[in-house]
$ cat final.cif   # mmCIF, C-alpha atoms
data_run
#
loop_
_atom_site.label_atom_id
_atom_site.label_comp_id
_atom_site.auth_asym_id
_atom_site.auth_seq_id
_atom_site.Cartn_x
_atom_site.Cartn_y
_atom_site.Cartn_z
CA MET T 1 -8.56 25.09 7.72
CA GLN T 2 -5.78 27.03 6.00
CA ARG T 3 -4.55 27.18 2.44
CA ILE T 4 -0.86 26.30 2.78
CA TYR T 5 1.94 26.42 0.24
CA ILE T 6 4.97 24.14 0.75
CA ALA T 7 8.40 25.64 0.08
CA GLY T 8 11.75 23.92 0.30
CA PRO T 9 14.93 22.84 -1.49
CA MET T 10 14.77 20.76 -4.68
CA THR T 11 17.78 21.44 -6.90
CA GLY T 12 20.73 19.16 -6.19
CA ILE T 13 18.75 16.78 -3.95
CA PRO T 14 18.02 13.17 -5.04
CA GLU T 15 14.55 12.81 -6.58
CA LEU T 16 14.35 16.63 -6.36
CA ASN T 17 13.32 16.16 -2.73
CA PHE T 18 9.85 15.18 -3.94
CA PRO T 19 9.41 12.56 -1.17
CA ALA T 20 9.79 15.27 1.51
CA PHE T 21 7.25 17.50 -0.27
CA HIS T 22 4.77 14.60 -0.63
CA ALA T 23 5.19 13.59 3.02
CA ALA T 24 4.60 17.15 4.22
CA ALA T 25 1.56 17.52 1.95
CA ALA T 26 0.07 14.29 3.27
CA ALA T 27 0.57 15.36 6.89
CA LEU T 28 -0.97 18.79 6.34
CA ARG T 29 -3.93 17.38 4.40
CA ALA T 30 -4.53 14.90 7.20
CA GLU T 31 -5.00 17.93 9.47
CA GLY T 32 -7.67 19.26 7.11
CA HIS T 33 -5.68 21.93 5.27
CA HIS T 34 -5.75 22.69 1.56
CA VAL T 35 -2.18 22.22 0.31
CA GLU T 36 -0.39 23.64 -2.71
CA ASN T 37 2.50 21.23 -3.35
CA PRO T 38 5.17 22.31 -5.88
CA ALA T 39 6.06 18.65 -6.42
CA GLU T 40 2.53 18.22 -7.79
CA ILE T 41 2.33 21.57 -9.57
CA ASN T 42 5.54 20.84 -11.49
CA ALA T 43 5.83 17.06 -11.58
CA ASP T 44 8.13 17.07 -14.64
CA PRO T 45 11.77 16.89 -13.41
CA ALA T 46 12.98 18.27 -16.75
CA ALA T 47 11.03 21.53 -16.42
CA GLN T 48 13.02 24.77 -16.39
CA TRP T 49 13.59 26.51 -13.06
CA LEU T 50 12.06 29.84 -14.11
CA ASP T 51 8.98 28.19 -15.59
CA CYS T 52 8.47 26.27 -12.35
CA MET T 53 8.85 29.41 -10.25
CA ARG T 54 6.26 31.27 -12.30
CA MET T 55 3.72 28.47 -11.80
CA ASP T 56 4.58 28.04 -8.11
CA ILE T 57 4.32 31.75 -7.25
CA ALA T 58 0.94 31.94 -8.95
CA ARG T 59 -0.27 29.34 -6.40
CA LEU T 60 1.67 30.81 -3.49
CA VAL T 61 -0.12 34.17 -3.63
CA THR T 62 -3.48 32.40 -3.20
CA CYS T 63 -2.45 30.87 0.15
CA ASP T 64 -2.75 31.95 3.77
CA ALA T 65 0.54 30.43 4.93
CA VAL T 66 3.79 28.97 3.66
CA TYR T 67 5.30 25.80 5.13
CA MET T 68 9.12 25.84 4.97
CA LEU T 69 10.86 22.46 4.72
CA PRO T 70 14.29 21.86 6.32
CA GLY T 71 17.11 23.29 4.24
CA TRP T 72 15.05 26.07 2.71
CA GLN T 73 17.71 28.64 3.66
CA ASN T 74 20.06 27.04 1.11
CA SER T 75 17.53 27.06 -1.73
CA ARG T 76 17.38 29.98 -4.16
CA GLY T 77 13.74 29.34 -5.03
CA ALA T 78 12.65 28.82 -1.42
CA LEU T 79 14.34 32.08 -0.40
CA VAL T 80 12.39 33.91 -3.11
CA GLU T 81 9.16 32.30 -1.91
CA HIS T 82 9.93 33.10 1.74
CA THR T 83 10.66 36.74 0.92
CA LEU T 84 7.45 37.03 -1.07
CA ALA T 85 5.39 35.35 1.67
CA THR T 86 6.71 37.64 4.41
CA GLY T 87 6.21 40.67 2.17
CA LEU T 88 2.59 39.68 1.61
CA GLY T 89 2.06 39.13 5.33
CA LEU T 90 1.46 35.38 5.02
CA GLN T 91 1.99 33.16 8.04
CA VAL T 92 5.34 31.36 7.90
CA LEU T 93 5.38 27.83 9.32
CA LEU T 94 8.71 26.08 9.86
CA ALA T 95 8.82 22.30 9.58
CA ARG T 96 10.29 20.66 12.64
CA GLN T 97 13.78 19.30 12.34
CA PRO T 98 13.88 15.48 12.54
CA GLN T 99 15.81 15.47 15.80
CA ASP T 100 13.19 17.64 17.50
CA ARG T 101 10.43 15.07 17.68
CA ALA T 102 9.68 11.46 18.53
CA ARG T 103 6.51 9.45 18.13
CA ARG T 104 5.09 6.40 19.89
CA ARG T 105 3.98 4.80 16.63
CA THR T 106 5.13 4.32 13.08
CA VAL T 107 3.85 6.82 10.55
CA ALA T 108 3.80 4.52 7.56
CA ARG T 109 3.24 0.78 7.70
CA CYS T 110 2.48 -0.89 4.40
CA ASP T 111 -0.11 -3.50 3.59
CA CYS T 112 2.14 -6.55 3.51
CA ARG T 113 -0.44 -8.85 1.95
CA SER T 114 0.74 -7.58 -1.42
CA TYR T 115 4.20 -8.13 -2.91
CA GLU T 116 4.14 -4.62 -4.39
CA VAL T 117 3.65 -2.22 -1.51
CA ALA T 118 2.91 1.43 -2.24
CA VAL T 119 4.16 4.21 0.02
CA PRO T 120 3.49 7.87 -0.92
CA GLY T 121 6.41 8.66 -3.20
CA TRP T 122 7.91 5.16 -3.30
CA THR T 123 7.19 1.52 -4.11
CA LEU T 124 8.86 -1.13 -1.96
CA ALA T 125 9.07 -4.56 -3.56
CA CYS T 126 8.68 -7.94 -1.88
CA GLY T 127 6.41 -6.80 0.93
CA ALA T 128 8.97 -4.66 2.74
CA VAL T 129 7.80 -2.41 5.57
CA LEU T 130 8.96 1.19 6.01
CA HIS T 131 8.74 2.50 9.57
CA ARG T 132 10.48 4.52 12.23
CA SER T 133 13.13 2.74 14.25
CA PRO T 134 12.47 2.44 18.00
CA LEU T 135 14.68 4.55 20.24
CA ALA T 136 17.22 2.48 22.14
CA GLY T 137 17.08 2.35 25.91
CA GLU T 138 13.55 3.69 26.27
CA LYS T 139 11.07 2.16 28.68
CA TYR T 140 8.26 2.64 26.19
CA ARG T 141 8.39 2.02 22.46
CA GLN T 142 9.06 5.47 21.05
CA PHE T 143 10.00 6.03 17.44
CA SER T 144 12.44 8.67 16.25
CA ASP T 145 11.90 10.78 13.15
CA ASP T 146 15.62 10.68 12.36
CA ALA T 147 15.94 6.88 12.39
CA TRP T 148 14.04 4.91 9.76
CA ALA T 149 14.20 1.27 8.76
CA VAL T 150 12.95 -1.04 6.04
CA THR T 151 12.24 -4.49 7.45
CA ASP T 152 10.96 -7.76 6.05
CA ALA T 153 7.23 -8.27 6.51
CA VAL T 154 7.63 -11.94 7.49
CA SER T 155 10.80 -12.25 9.56
CA GLY T 156 11.12 -8.65 10.73
CA ALA T 157 14.78 -8.67 9.65
CA ARG T 158 16.21 -5.23 8.90
CA MET T 159 16.98 -4.79 5.20
CA ALA T 160 18.05 -1.15 5.21
CA SER T 161 18.06 1.95 7.38
CA GLY T 162 18.62 5.68 7.15
CA SER T 163 18.24 8.98 8.95
CA SER T 164 15.13 9.81 6.90
CA MET T 165 12.36 8.08 4.96
CA ALA T 166 14.10 8.90 1.69
CA GLU T 167 17.49 7.58 2.82
CA ALA T 168 16.02 4.33 4.16
CA VAL T 169 14.11 3.67 0.95
CA ARG T 170 17.11 4.62 -1.17
CA ALA T 171 19.32 2.19 0.80
CA TYR T 172 16.74 -0.55 0.34
CA ARG T 173 16.54 0.08 -3.39
CA GLU T 174 20.33 0.02 -3.70
CA ARG T 175 20.48 -3.32 -1.92
CA ALA T 176 17.76 -4.77 -4.13
CA LYS T 177 19.54 -3.39 -7.18
CA MET T 178 22.72 -5.29 -6.25
CA TYR T 179 20.84 -8.59 -6.56
CA GLY T 180 18.91 -7.54 -9.66
CA ASP T 181 16.22 -9.99 -10.78
CA ALA T 182 17.30 -12.46 -8.09
CA TRP T 183 16.22 -10.17 -5.22
CA ALA T 184 12.70 -11.60 -4.94
CA GLN T 185 14.13 -15.14 -4.78
CA VAL T 186 16.71 -14.10 -2.16
CA VAL T 187 13.94 -12.68 0.04
CA ALA T 188 11.79 -15.79 -0.49
CA ASP T 189 14.68 -18.10 0.48
CA ARG T 190 15.39 -16.11 3.63
CA ARG T 191 11.75 -16.19 4.63
CA LYS T 192 11.63 -19.94 4.04
CA LYS T 193 14.69 -20.46 6.25
CA TYR T 194 13.20 -18.21 8.94
CA LEU T 195 9.91 -20.14 8.97
CA GLU T 196 11.73 -23.49 9.04
CA ASP T 197 13.89 -22.36 11.98
CA LYS T 198 10.82 -21.02 13.76
CA ALA T 199 9.03 -24.35 13.34
CA GLN T 200 12.03 -26.23 14.78
CA ARG T 201 12.41 -24.06 17.87
CA PRO T 202 9.94 -26.00 20.09
CA ALA T 203 11.69 -29.27 19.20
CA ARG T 204 15.08 -27.79 20.04
CA LYS T 205 13.81 -26.59 23.41
CA ARG T 206 12.45 -30.06 24.23
CA ALA T 207 15.74 -31.67 23.19
CA ALA T 208 17.71 -29.23 25.33
CA LYS T 209 15.59 -30.10 28.36
CA ARG T 210 16.15 -33.82 27.83
CA LYS T 211 19.93 -33.34 27.57
CA ARG T 212 20.14 -31.30 30.75
CA PRO T 213 22.58 -33.14 33.08
CA ALA T 214 21.21 -34.52 36.33
CA VAL T 215 22.27 -32.74 39.52
CA ALA T 216 24.76 -34.88 41.44
CA ALA T 217 23.73 -35.92 44.96
CA ARG T 218 25.47 -33.96 47.64
CA ALA T 219 28.12 -35.99 49.40
CA GLN T 220 27.39 -36.67 53.06
CA PRO T 221 30.19 -36.58 55.69
CA THR T 222 30.88 -39.78 57.68
CA ALA T 223 31.19 -40.06 61.43
CA SER T 224 34.94 -39.39 61.17
CA GLY T 225 34.25 -36.13 59.38
CA LYS T 226 35.48 -37.35 56.02
CA VAL T 227 33.29 -36.96 52.95
CA ALA T 228 32.04 -40.32 51.74
#
$ encode --input "final.cif" --output "structure tokens"
Amino acid sequence: MQRIYIAGPMTGIPELNFPAFHAAAAALRAEGHHVENPAEINADPAAQWLDCMRMDIARLVTCDAVYMLPGWQNSRGALVEHTLATGLGLQVLLARQPQDRARRRTVARCDCRSYEVAVPGWTLACGAVLHRSPLAGEKYRQFSDDAWAVTDAVSGARMASGSSMAEAVRAYRERAKMYGDAWAQVVADRRKKYLEDKAQRPARKRAAKRKRPAVAARAQPTASGKVA
């Protein structure tokens, strides 16, 4: 077990990139590490940059390693933390880029029995499911880290998608925001229609079989060679 500090870009990124910090912290803690997460150390988005850096560095120097999130090279604070970590001889771990990995399973599937579904960093309303999108053209169901989708828990219809967890959830929230208070009713109506159509499918198949035209008897040639 290591004591790991997470470093990465925040300023100028939606939600201060907190979802990426929380996701990385959850993954590292699942491996048994103790994690120092700046998104938890300084949870107030209105805090001053210098005050945050002072608190973060105080935690950084207690760690064995620093985990650099994608885009850290463009972050003033992350560059300071990286320089300090290398100067102290800490192990530097680089987060994999999304395009470098693929999984055979989803990393986050919500409990759809509830209409308010909690995902670390987000809340998806109406029982939506956040998961990786399957790679196209693969023999086995593999899921790409750079293709995420939010689908309906009942019908499986895609509601939103994005190249990251944050983008997929943001797209879903924007779509729900367009409908406002009517979003829950829109989802309920679509589920009702889906279930009604699903119930009618066996009847449609039986009707299609009954309407199938009979195969005409093959004409037989007469003794003269003409077709009767």
$ residues_around --input "final.cif" --residues "Met55 of chain T" --least-positions-apart "2" --cutoff "12 Å" --atoms "only C-alpha atoms" --output "JSON, numbers by chain"
{"T": [36, 37, 38, 39, 40, 41, 42, 43, 47, 48, 49, 50, 51, 52, 53, 57, 58, 59, 60, 61, 62, 81]}
$ residues_around --input "final.cif" --residues "segment 154-165 of chain T" --least-positions-apart "3" --cutoff "8 Å" --atoms "only C-alpha atoms" --output "VMD selection string"
chain T and resid 130 145 to 151 168 to 169 171 to 172 175 191 194 to 195
$ resolve_selection --input "final.cif" --expression "the PyMOL selection byres ((chain T and resi 6) around 10)" --output "list of chain:residue names"
T:Ile4, T:Tyr5, T:Ala7, T:Gly8, T:Phe21, T:His22, T:Ala24, T:Ala25, T:Leu28, T:Val35, T:Glu36, T:Asn37, T:Pro38, T:Ala39, T:Asp56, T:Leu60, T:Ala65, T:Val66, T:Tyr67, T:Met68, T:Leu69, T:Ala78, T:Glu81, T:Leu93, T:Ala95
$ atom_distance --input "final.cif" --atom1 "atom CA of Asn74 of chain T" --atom2 "atom CA of Pro9 of chain T"
7.1 Å
$ closest_residue --input "final.cif" --among "T:Ala188, T:Gly89, T:Arg201, T:Ala166" --to "Phe18 of chain T" --atoms "all atoms listed in the file"
T:Ala166
